[in-house]
Number of protein chains: 4
Amino acid sequence: MNFRSDNEAPVAEPIMHALLEANQGFAESYGYDEYTQHLTERLTDLFEHWLEVIPLVTGTAANALAIAQTTPPYGAVYCHQSAHLNKDECGAPEFYSGGAKLEDLPGELGKLDAETLHTALAATGAHGEHENLPCCLSLTQSTESGTVYSIDEITALTRVAKQPQWHLACHMDGSRFANALVHLGCTPAEMTWKAGIDLLSLGATKNGAMLAEALVIFDPAYATEIRRRRKRAGQLVSKMRFVSAQMLAWLDDDLWLQLASHANALAAGFYQQMQAKVEFLFPVQANEAFLRLPEAVIAQLQEAGFAFHVWPGSTDVIRLVFSHATKPADCAQLVAHLNRLLP
Amino acid sequence: MNFRSDNEAPVAEPIMHALLEANQGFAESYGYDEYTQHLTERLTDLFEHWLEVIPLVTGTAANALAIAQTTPPYGAVYCHQSAHLNKDECGAPEFYSGGAKLEDLPGELGKLDAETLHTALAATGAHGEHENLPCCLSLTQSTESGTVYSIDEITALTRVAKQPQWHLACHMDGSRFANALVHLGCTPAEMTWKAGIDLLSLGATKNGAMLAEALVIFDPAYATEIRRRRKRAGQLVSKMRFVSAQMLAWLDDDLWLQLASHANALAAGFYQQMQAKVEFLFPVQANEAFLRLPEAVIAQLQEAGFAFHVWPGSTDVIRLVFSHATKPADCAQLVAHLNRLLP
Amino acid sequence: MNFRSDNEAPVAEPIMHALLEANQGFAESYGYDEYTQHLTERLTDLFEHWLEVIPLVTGTAANALAIAQTTPPYGAVYCHQSAHLNKDECGAPEFYSGGAKLEDLPGELGKLDAETLHTALAATGAHGEHENLPCCLSLTQSTESGTVYSIDEITALTRVAKQPQWHLACHMDGSRFANALVHLGCTPAEMTWKAGIDLLSLGATKNGAMLAEALVIFDPAYATEIRRRRKRAGQLVSKMRFVSAQMLAWLDDDLWLQLASHANALAAGFYQQMQAKVEFLFPVQANEAFLRLPEAVIAQLQEAGFAFHVWPGSTDVIRLVFSHATKPADCAQLVAHLNRLLP
Amino acid sequence: MNFRSDNEAPVAEPIMHALLEANQGFAESYGYDEYTQHLTERLTDLFEHWLEVIPLVTGTAANALAIAQTTPPYGAVYCHQSAHLNKDECGAPEFYSGGAKLEDLPGELGKLDAETLHTALAATGAHGEHENLPCCLSLTQSTESGTVYSIDEITALTRVAKQPQWHLACHMDGSRFANALVHLGCTPAEMTWKAGIDLLSLGATKNGAMLAEALVIFDPAYATEIRRRRKRAGQLVSKMRFVSAQMLAWLDDDLWLQLASHANALAAGFYQQMQAKVEFLFPVQANEAFLRLPEAVIAQLQEAGFAFHVWPGSTDVIRLVFSHATKPADCAQLVAHLNRLLP
């Protein structure tokens with residue numbers, strides 16, 4: 001009964017099937033295949049906007065390329081303290097950008113807020129060339145805390161970021177993009193470029209794919225020579241049809257939304273059932289729940305065969321991740337166990 | 001009839017099958033799965049030596065990580081002028097190493113020779129801190145010219161490289177490792193660490209896999225913190241079981257050798273049949289042939305539906321690549337056409 | 001009446017004189033001159049320890065080279081939030097190290113404390129290769145707030161840093177080293193390697209030199225190939241005798257201590273005279289004072305010809321820097337003005 | 001009797017005097033002083049063109065900053081094989097640019113020629129994102145071989161470089177700029193922007209200054225955020241007045257031309273006197289001579305107290321450098337000795 005990570009889930013059947021189908025004869029390499037061409041069209045339709053798609057196999061690569069395209073070595077990226085690119089990528093953004101600085105900001109519920117960002121940006125400039133140049137804002141949607149920015153919140157943040165004296169590029173780390181989308185019930189366009197987002201790390205791997213991520217760029221200004229950057233980063237997959245085919249199958253017939261809805265629904269159900277008894281650190285809005293439990297209870301759950309992460313830096317907080325492949329029966333068992341273990 | 005690249009070939013059936021099999025339930029992410037553990041054991045047995053395996057999805061990443069692990073920013077890498085890492089990776093080694101220098105050397109048949117290397121190394125040192133420090137030798141096996149180093153040639157080169165005053169790390173770019181192996185008919189150990197190789201980029205993608213490469217490190221000294229470097233390079237695939245499973249299937253029942261033998265045999269057959277009529281730029285020892293043809297003949301072949309690369313920088317040299325999926329019938333047609341077109 | 005920065009002060013007479021004296025005929029370049037050789041001996045004696053001296057012309061270069069020598073690209077440096085290398089060097093440490101991360105910590109009076117450091121270090125490790133590796137502790141002495149770490153404080157910090165599970169390199173940014181030294185009244189050895197410091201950025205420029213800084217390395221392990229790093233950073237001054245000669249003259253006859261004592265004494269005198277009337281943000285222990293004043297008073301001081309910085313991010317805090325060349329009469333005038341302007 | 005390097009020569013008297021004069025009281029730091037402002041005006045007049053001046057203390061820094069401003073990490077710089085930035089800066093251009101590639105080209109007499117450059121550039125592009133993007137041409141004037149490009153030669157090279165399909169930035173490494181200028185007898189404008197040069201590393205140190213170099217940028221497009229790059233490179237000298245004052249004194253009353261003329265004249269005189277007896281590897285056009293001598297003669301000269309470099313990679317080629325401070329009597333002695341030693 002695995003609640004450890006959506007990265008541990010298997011691949012959804014239709015995506016496996018698409019890989020088999022894509023394996024017909026020869027196809028041009030390095031993204032000149034029909035699948036990749038088709039993916040660009042498909043995403044252009046879906047997002048209702050010009051875009052450039054850079055298929056990749058890790059979210060870290062998508063994030064780091066986005067930073068490198070927007071932030072020169074002497075630049076700074078504004079993000080939440082808990083941002084994956086700040087805490088969990090061993091400095092990939094610094095590497096790809098040639099040593100730019102991440103300015104991490106506090107914020108409740110795992111979210112940045114517009115006022116904090118404004119204050120931080122307003123404090124820049126006085127030191128001239130002695131300080132890094134603000135260049136990029138990066139938001140994670142859904143957040144590392146399992147919460148979801150409303151469209152108004154995103155818009156308020158990008159509005160600050162795009163004030164003419166700063167004109168930051170606005171990046172969204174969407175490794176759990178679909179989970180946020182189904183939570184908000186909005187369109188992909190509304191959650192991205194219509195809300196001021198210029199670049200999106202679009203993640204499919206956590207939501208049912210095998211290895212399929214993409215950097216989606218809505219503003220041609222940020223696409224300049226991205227292909228050379230991808231190549232020199234060792235991120236240009238030769239048989240790219242097999243990445244693009246995954247993402248196409250993931251989008252077909254709203255599979256991505258179905259998979260995310262499944263995961264979100266289990267998370268929400270768990271939240272509703274346990275909310276009265278357990279302290280949740282954040283509202284459960286996507287497919288993750290963070291809860292505080294007595295250490296003895298944590299140990300008993302582990303013994304009972306439930307797998308999850310005890311959150312680093314704590315001994316009494318656990319993270320539960322609900323994936324497209326999580327079984328409702330496993331969730332029911334978890335609820336039952338908890339009810340038994342807690343008074 | 002595709003002779004353009006082995007990167008354009010489909011995935012071999014047993015490898016597709018292995019992906020389906022690996023897709024059973026949850027598995028630990030980031031390389032802590034059983035497939036990856038098993039791959040390490042499998043390669044340790046195969047190479048008859050301690051080793052660390054870093055599964056990856058591009059050969060560029062394997063090469064660039066090898067350079068970064070062996071060559072500090074102020075170091076230099078010695079390689080052949082035509083080396084893939086020098087010519088075709090848009091500076092990936094420079095990026096990963098933080099700006100090391102590639103010292104490219106000439107050499108017949110796409111190979112470095114020990115004397116040229118010795119002369120180059122002997123000329124270093126006089127400028128002290130004004131010059132880069134020699135740190136790494138990188139060989140491609142089979143070479144970018146479709147030739148294969150003999151074990152004696154490799155040994156002679158690594159012996160120079162490892163002279164105590166230089167003690168270079170010795171890296172092999174084995175994106176077509178299996179093709180060289182079946183040509184020489186030796187063991188993996190003989191072609192690598194027994195011949196002085198410390199790190200190997202082992203490529204399966206060109207030889208039947210979907211996306212499966214690995215950096216194999218034989219000397220623990222070059223493995224220090226490789227995992228952090230991989231992560232910050234955006235190369236840590238979360239669902240790694242699907243990369244490792246490919247490579248395991250590729251090795252099982254000598255599939256890799258069969259696939260490479262098939263490709264090599266077609267290349268060798270073509271060479272034997274056309275050798276009298278056509279100028280080959282290099283002996284055909286692996287699965288590539290470079291030949292000079294009249295431009296009109298090149299055009300007629302293309303019209304007849306043969307796909308191949310006219311070699312950059314020339315108008316009358318073409319490269320033919322024979323892959324695991326190339327059909328003998330296509331080769332026969334190609335020979336027939338050439339015989340018709342050439343007097 | 002300049003209280004803006006000790007960087008704006010002129011060069012002390014004996015140092016100018018030394019430059020004239022050093023300008024006799026030809027001398028070997030790139031540090032092979034007698035002045036540089038002599039400087040190494042002189043500092044070895046002074047610090048009572050083996051050391052390697054790397055003469056430089058900016059403190060930023062000294063700091064950034066220290067970071068690069070101790071912290072690989074995947075590493076992290078622990079420093080105070082207000083550290084010059086974190087806030088005022090436009091990312092030089094990130095640049096020189098190839099993208100390492102600065103982990104900035106809070107701390108009262110501009111100082112890190114051992115407990116905060118311990119807590120921060122103890123929280124690392126759980127994420128494995130997903131997080132940067134702790135590699136270096138950097139302290140500024142005297143601090144950016146004009147305070148001075150006691151030897152006990154330094155020792156407590158380096159003791160935490162050097163615990164075997166972390167074994168961080170310990171760096172001291174001593175751009176105002178002499179000011180701290182005369183405040184503590186200890187020996188250079190006591191304030192550095194005896195207290196656990198491995199590398200020191202030793203600054204003379206702010207304390208009377210023209211352009212003379214040095215990276216002093218007490219542990220040979222951190223000196224490896226430092227000369228190549230210096231060269232490739234564009235920091236290898238050809239006519240180095242003129243840098244070393246400055247530093248020799250600065251040390252001769254305790255000139256450096258006299259100059260620092262002069263500056264500190266003026267700062268201390270100002271503090272004593274105004275303490276009752278004005279809010280000082282930090283105790284005045286070296287040659288800087290930070291004080292809160294009504295904005296109107298600030299404006300009146302400026303009109304009266306006093307030059308100083310209004311501290312970035314505030315409108316009512318000013319920094320006063322007292323230099324080796326600051327005249328007691330100017331300080332007296334400042335006190336008189338303040339007494340007149342404040343009730 | 002030092003013929004080893006102009007870097008070993010002392011500082012010219014008027015420049016030492018200027019340092020003393022500049023040492024009057026306080027002055028704004030970091031380039032906001034009057035000397036630096038005045039230097040910009042002075043060079044603008046001298047070069048008859050808009051320009052931005054970045055005072056520095058090493059030529060390596062000037063070159064490396066020029067490369068970083070013109071060449072992104074995925075770019076390539078075209079230069080002569082013997083270019084200082086290719087051979088003698090331990091990879092500084094690669095460091096500052098974030099890993100760009102130097103494409104070194106052969107050429108007679110230490111000079112690139114337009115046809116070789118054209119051929120090299122025409123061969124690019126076929127590999128798309130797999131190859132580095134041509135971005136910059138760098139010429140050394142006078143060259144590392146002591147020769148001087150004519151204005152026609154420079155113009156022919158920059159014309160190729162600036163063809164619309166390539167539009168390279170054109171950089172001149174002028175560490176011995178004045179020596180070339182007096183050889184050609186042209187204006188600074190004619191040898192730079194009028195001939196297509198966009199950025200100039202202007203060196204004073206080898207020609208009589210203490211530590212004074214400047215990056216001079218003629219095209220605002222290449223000046224973007226150069227100040228942040230300088231700062232993060234640790235190249236922002238705080239007491240910059242002392243660098244700018246050197247350069248002003250160097251330019252005043254045509255001192256720079258007098259010093260260079262002195263050096264060139266001694267070199268030319270030596271060439272004329274020995275030409276019949278000795279093999280010179282290159283025509284002597286600036287202040288350096290490369291000559292082939294029997295090893296025994298080299299040893300005897302050294303014993304007689306003549307200091308010079310035996311050229312790295314050879315045992316029978318020496319380089320003689322004539323500086324502003326070289327005495328005619330020393331040259332006469334050298335000629336006399338050679339005449340005695342050679343039949």
# chains A, B, ... in the order shown; residues from 1 in each chain; ligands from 1
call {"tool": "residues_around", "arguments": {"residues": "range 206-218 of chain B", "least_positions_apart": "3", "cutoff": "6 Å", "atoms": "only C-alpha atoms", "output": "list in words"}}
result
Asp6, Asn7, Val11, Ala12, Leu51, Glu52, Val53, Ile54, Pro55, Leu56, Val57, Thr58, Ala62, Asp198, Leu199, Leu200, Ser201, Leu202, Gly203 and Val243 of chain B
call {"tool": "residues_around", "arguments": {"residues": "range 101-115 of chain B", "least_positions_apart": "5", "cutoff": "9 Å", "atoms": "only C-alpha atoms", "output": "PyMOL selection string"}}
result
(chain B and resi 73-83+85-86+93-94+120+132+139-140+143-149+153-154+156-161+281-283) or (chain D and resi 90-91+94+99+101-102)
call {"tool": "write_last_selection", "arguments": {"atoms": "N, CA and C atoms", "output": "compact mmCIF listing (two decimals), in the first residue's frame"}}
result
# COMPACT_ATOMS: atom_id res chain seq x y z
N PRO B 73 37.32 22.26 -13.87
CA PRO B 73 37.14 23.35 -14.84
C PRO B 73 38.45 23.79 -15.49
N TYR B 74 39.55 23.65 -14.78
CA TYR B 74 40.85 24.09 -15.32
C TYR B 74 41.58 22.94 -16.02
N GLY B 75 40.87 21.86 -16.29
CA GLY B 75 41.50 20.71 -16.92
C GLY B 75 41.30 20.66 -18.42
N ALA B 76 41.94 19.65 -19.02
CA ALA B 76 41.82 19.44 -20.46
C ALA B 76 41.55 17.98 -20.75
N VAL B 77 40.77 17.75 -21.81
CA VAL B 77 40.41 16.41 -22.26
C VAL B 77 41.03 16.20 -23.63
N TYR B 78 41.71 15.10 -23.81
CA TYR B 78 42.31 14.78 -25.10
C TYR B 78 41.41 13.83 -25.86
N CYS B 79 41.10 14.20 -27.09
CA CYS B 79 40.20 13.37 -27.90
C CYS B 79 40.52 13.56 -29.37
N HIS B 80 39.92 12.72 -30.19
CA HIS B 80 40.09 12.84 -31.64
C HIS B 80 39.28 14.03 -32.14
N GLN B 81 39.79 14.65 -33.19
CA GLN B 81 39.10 15.80 -33.79
C GLN B 81 37.64 15.51 -34.10
N SER B 82 37.37 14.30 -34.54
CA SER B 82 36.00 13.98 -34.95
C SER B 82 35.15 13.44 -33.80
N ALA B 83 35.69 13.45 -32.59
CA ALA B 83 34.96 12.86 -31.45
C ALA B 83 33.58 13.50 -31.31
N LEU B 85 31.91 14.01 -28.73
CA LEU B 85 31.84 15.00 -27.65
C LEU B 85 32.51 16.30 -28.03
N ASN B 86 33.34 16.27 -29.04
CA ASN B 86 33.97 17.50 -29.50
C ASN B 86 33.14 18.21 -30.56
N PRO B 93 30.36 18.71 -22.87
CA PRO B 93 31.47 18.48 -21.92
C PRO B 93 31.94 19.77 -21.26
N GLU B 94 31.98 20.84 -22.04
CA GLU B 94 32.38 22.12 -21.46
C GLU B 94 31.34 22.56 -20.42
N ALA B 120 51.53 15.30 -27.80
CA ALA B 120 50.68 16.38 -27.27
C ALA B 120 50.89 16.55 -25.77
N ASN B 132 45.81 24.75 -19.35
CA ASN B 132 44.93 23.78 -18.70
C ASN B 132 45.70 22.52 -18.33
N LEU B 139 38.20 8.17 -25.79
CA LEU B 139 38.20 7.42 -27.05
C LEU B 139 36.78 7.03 -27.40
N THR B 140 36.46 6.98 -28.67
CA THR B 140 35.14 6.48 -29.08
C THR B 140 35.33 5.10 -29.71
N THR B 143 34.53 3.98 -33.53
CA THR B 143 34.77 5.41 -33.75
C THR B 143 33.67 6.06 -34.59
N GLU B 144 33.75 7.36 -34.66
CA GLU B 144 32.81 8.14 -35.48
C GLU B 144 33.01 7.85 -36.98
N SER B 145 34.10 7.17 -37.33
CA SER B 145 34.35 6.81 -38.74
C SER B 145 33.97 5.37 -39.03
N GLY B 146 33.38 4.71 -38.07
CA GLY B 146 32.95 3.33 -38.29
C GLY B 146 34.09 2.33 -38.19
N THR B 147 35.21 2.78 -37.63
CA THR B 147 36.34 1.87 -37.41
C THR B 147 36.38 1.44 -35.95
N VAL B 148 37.22 0.46 -35.68
CA VAL B 148 37.28 -0.10 -34.33
C VAL B 148 38.74 -0.15 -33.87
N TYR B 149 38.99 0.40 -32.69
CA TYR B 149 40.33 0.27 -32.09
C TYR B 149 40.58 -1.19 -31.73
N GLU B 153 45.70 -1.21 -29.55
CA GLU B 153 45.68 0.25 -29.76
C GLU B 153 45.14 0.96 -28.52
N ILE B 154 44.08 0.42 -27.96
CA ILE B 154 43.53 1.03 -26.74
C ILE B 154 44.57 1.00 -25.63
N ALA B 156 47.79 0.81 -25.80
CA ALA B 156 48.91 1.72 -26.05
C ALA B 156 48.53 3.14 -25.68
N LEU B 157 47.31 3.53 -25.99
CA LEU B 157 46.85 4.89 -25.68
C LEU B 157 46.71 5.09 -24.18
N THR B 158 46.08 4.15 -23.51
CA THR B 158 45.88 4.35 -22.07
C THR B 158 47.21 4.25 -21.32
N ARG B 159 48.15 3.50 -21.88
CA ARG B 159 49.46 3.42 -21.23
C ARG B 159 50.15 4.79 -21.25
N VAL B 160 50.07 5.46 -22.38
CA VAL B 160 50.61 6.83 -22.44
C VAL B 160 49.85 7.72 -21.45
N ALA B 161 48.55 7.63 -21.51
CA ALA B 161 47.71 8.53 -20.68
C ALA B 161 47.98 8.36 -19.20
N LEU B 281 35.82 5.57 -47.48
CA LEU B 281 36.80 6.45 -46.81
C LEU B 281 37.52 5.74 -45.68
N PHE B 282 36.85 4.78 -45.09
CA PHE B 282 37.43 4.04 -43.97
C PHE B 282 37.06 2.57 -44.11
N PRO B 283 37.86 1.69 -43.58
CA PRO B 283 37.45 0.29 -43.56
C PRO B 283 36.14 0.16 -42.77
N CYS D 90 44.53 29.54 -19.34
CA CYS D 90 44.00 28.41 -18.56
C CYS D 90 42.48 28.30 -18.65
N GLY D 91 41.96 28.65 -19.82
CA GLY D 91 40.52 28.48 -20.01
C GLY D 91 39.68 29.61 -19.48
N GLU D 94 36.49 30.19 -21.51
CA GLU D 94 35.50 29.15 -21.25
C GLU D 94 34.83 29.39 -19.89
N GLY D 99 31.32 28.11 -20.60
CA GLY D 99 31.60 26.88 -21.35
C GLY D 99 31.50 26.99 -22.86
N LYS D 101 32.96 27.45 -26.74
CA LYS D 101 34.04 26.71 -27.37
C LYS D 101 34.92 27.65 -28.18
N LEU D 102 36.24 27.48 -28.03
CA LEU D 102 37.16 28.23 -28.88
C LEU D 102 37.48 27.38 -30.10
call {"tool": "residues_around", "arguments": {"residues": "Arg229 in chain C", "least_positions_apart": "2", "cutoff": "10 Å", "atoms": "only C-alpha atoms", "output": "list in words"}}
result
Pro72, Pro73, Tyr74, Glu129, His130 and Asn132 of chain B; Leu65, Ala68, Gln69, Tyr96, Thr224, Glu225, Ile226, Arg227, Lys231, Arg232, Ala233, Gly234, Gln235 and Leu236 of chain C; Cys90, Gly91, Ala92 and Phe95 of chain D
call {"tool": "atom_distance", "arguments": {"atom1": "CA of Ser314 in chain C", "atom2": "CA of Pro343 in chain C"}}
result
22.5 Å
call {"tool": "select_by_dssp", "arguments": {"residues": "range 71-295 of chain C", "states": "strand (DSSP E or B)", "output": "PyMOL selection string"}}
result
chain C and resi 75-80+101-105+133-140+169-174+199-203+213-217+279-280+288-292
call {"tool": "closest_residue", "arguments": {"among": "A:Thr124, A:Gln272, A:Thr155, A:Asn179", "to": "chain C", "atoms": "only C-alpha atoms"}}
result
A:Thr124
call {"tool": "residues_around", "arguments": {"residues": "Thr70 in chain D", "least_positions_apart": "3", "cutoff": "7 Å", "atoms": "only C-alpha atoms", "output": "PyMOL selection string"}}
result
chain D and resi 66-67+135-136+169+222
call {"tool": "write_last_selection", "arguments": {"atoms": "C-alpha atoms", "output": "PDB file, in the first residue's frame"}}
result
ATOM      1  CA  ALA D  66      34.652  40.387 -23.967  1.00  0.00           C
ATOM      2  CA  ILE D  67      33.976  36.749 -24.780  1.00  0.00           C
ATOM      3  CA  CYS D 135      29.360  34.168 -32.142  1.00  0.00           C
ATOM      4  CA  CYS D 136      32.693  35.936 -31.977  1.00  0.00           C
ATOM      5  CA  ALA D 169      31.032  40.142 -32.746  1.00  0.00           C
ATOM      6  CA  TYR D 222      27.760  44.311 -26.236  1.00  0.00           C
TER       7      TYR D 222
END
call {"tool": "select_by_dssp", "arguments": {"residues": "range 58-231 of chain C", "states": "alpha helix (DSSP H)", "output": "ChimeraX atom specification"}}
result
/C:59-70,84-87,92-97,114-122,151-161,177-184,188-191,226-231
